[in-house]
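Remarks on the structure that follows.
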Amino acid sequence: MDPADALAELLSPSGRVNPYPVYELLRAHGPVTSAGPVFFVATGYEEVDAILRDPRFGVLDDALRDQFLPGWRESPAVLSISRSMLRTNPPDHSRMRRLAAGAFTPRRIAAMRDVVVAQADELIDGMLARGRDGDPVDFMDDFAYPLPVGVICALLGVPTADRGLFRRWAGELTGVLEPEISPAELAMADRGATELRDYFTELVAARRRTPTDDLTSALVQAHETGGARLSGDELLANLVVLLVAGFETTTNLLGNGLVVLLQHPREAAALREHPEFAPGYVDELLRYDSPVQLTSRLSTESSRHGGVDLPAGSWLMLSLGAANRDPRRYPEPERFDPWRPQIHPLSFGAGPHYCLGAGLARLEAQVAFPQLLRRLPGLALAGEPERRVRLTLRGYATLPVTVGDPA
Ligand code: HEM
């Protein structure tokens, strides 16, 4: 199939729900392939990794948005994401990232383990209470969503009572991360972005009056010490990105990962017996069904990757999900094998934008899976889980399970 047709297939509802066969159609054209004038798709592990680290590439800038998304300045969703570190190039990127990075050092993350264990235990108690009589419960509602929201809210200092507010707003906003979005979806994303911005405007005002020991207060302080360190727009945009990136993705790691474990009972039993295997399991789950399937970059200078010349001004779709299943990097890539050596999935990206929360996401999953398997040995699928029709952030809309008898 022609790369442009394969791309159209990838963006169809069935391609978004199951992109893996389409990745192989694209891979047949080489690890980097042209899919239109100055538009390329990369599916090779080595190539995606190298492009993400190559300083001749950056994230989408305002000029390109003007070209492809006329009117984007009127969209609160696009405007918000474009002012955050996720979509900013150096030197603004490094300045913003440094301000938030202090909250994500390995020591700060390790110190959150007890919070994660306690929240996971409480959620499992809730699942047991609701599923006591054999009634199915929705793992997404009862665990995969509330755990990461609770953890990121604790870090940002968002009051416990407000944690239920964000799921819909974030789900709407992240529509703008899809490679293509309809006007109706954009309107929804704008609504979600406005709600989130209004919410954080109030939280910022509260922390300005009374600072506490949380990341929001630290960023408010960075803003107040002169504006040059963090403008008001950047402050709000980064708070929104930290909240949304902090849970949408991890929620999907928990959902995608649980389904894989329940489909592989032998491997799940080994993890139940040996929770110390969790780091390898989580990295293989990230590789096997990545919660983030793609990102994109713009080239500022000409370069050559995967044997293909990429002129300055090229636009690249980087398929993390395809790179994670590159047979040159992973023998039998379609097999779930937590014993693979040197897994290093590209699910958290690479280079300057490498996920700031990778350590936190890994911690949550490394705690959650063994704890779920140990406390709920009879946990089982109760029907077909339903995928969201999303390519970039891959996950389930619903995931019905029965909890079985507690251990
Ligand atoms: C960036 C994936 C969890 C915060 C990224 C990127 C990826 C990613 C692929 C890079 C995007 C790009 O290069 O264009 C994931 C996955 C997660 C996860 C798969 C869970 C399984 C988290 C968590 C946080 C977080 C828990 C916590 C706040 C961020 C931030 C960035 C980022 C702030 C932007 C970093 C920058 O631009 O310098 N993430 N993420 N992520 N992630 Fe995560």
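Residues are named by chain letter and number: chains run A, B, ... in the order of the structure tokens, numbers start at 1 in each chain, and ligands are numbered from 1 in the order shown.
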Could you list, as a list of chain:residue names, every residue within 10 Å of Asp141 (chain A), counting only C-alpha atoms and ignoring same-chain residues fewer than 3 positions away?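 Answer for this query is A:Met127, A:Val137, A:Asp138, A:Ala144, A:Tyr145, A:Pro146, A:Leu147, A:Arg167, A:Thr251, A:Ala397, A:Thr398, A:Leu399, A:Pro400.
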Extract, using only C-alpha atoms, all DNA, RNA and protein residues at most 8 Å from Val116 (chain A), discarding same-chain residues fewer than 2 positions from it, and format them as a PyMOL selection string. chain A and resi 112-114+118-120+147+151+364+367
Can you pull out every residue with an atom within 6 Å of ligand 1? Use only C-alpha atoms and all ligand atoms and format it as number ranges by chain. A: 85-86, 97, 242, 245-247, 249-250, 253, 291-292, 295, 347-349, 352-358, 360-361
So which one's closest to Ala50 (chain A), A:Leu393, A:Ala101, A:Val32, A:Leu155? Using only C-alpha atoms, please.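 Checking each of A:Leu393, A:Ala101, A:Val32, A:Leu155 against Ala50 (chain A), counting only C-alpha atoms, the winner is A:Val32.
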Calculated over only C-alpha atoms, which of the candidates A:Phe40, A:Phe143, A:Phe57, A:Phe277 has the smallest distance to Leu372 (chain A)?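 Between A:Phe40, A:Phe143, A:Phe57, A:Phe277, the residue approaching Leu372 (chain A) most closely is A:Phe143.
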If I take CA of Pro90 (chain A) and CA of Ala350 (chain A), how far is one from the other in Å, to one decimal?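 Between CA of Pro90 (chain A) and CA of Ala350 (chain A) the gap works out to 15.5 Å.
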Shell around region 327-334 of chain A at 9 Å using only C-alpha atoms, local window under 4 positions removed, as a list of chain:residue names: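 Listing them by chain and then by number gives A:Gly44, A:Tyr45, A:Glu46, A:Tyr288, A:Ala323, A:Arg340, A:Ile343.
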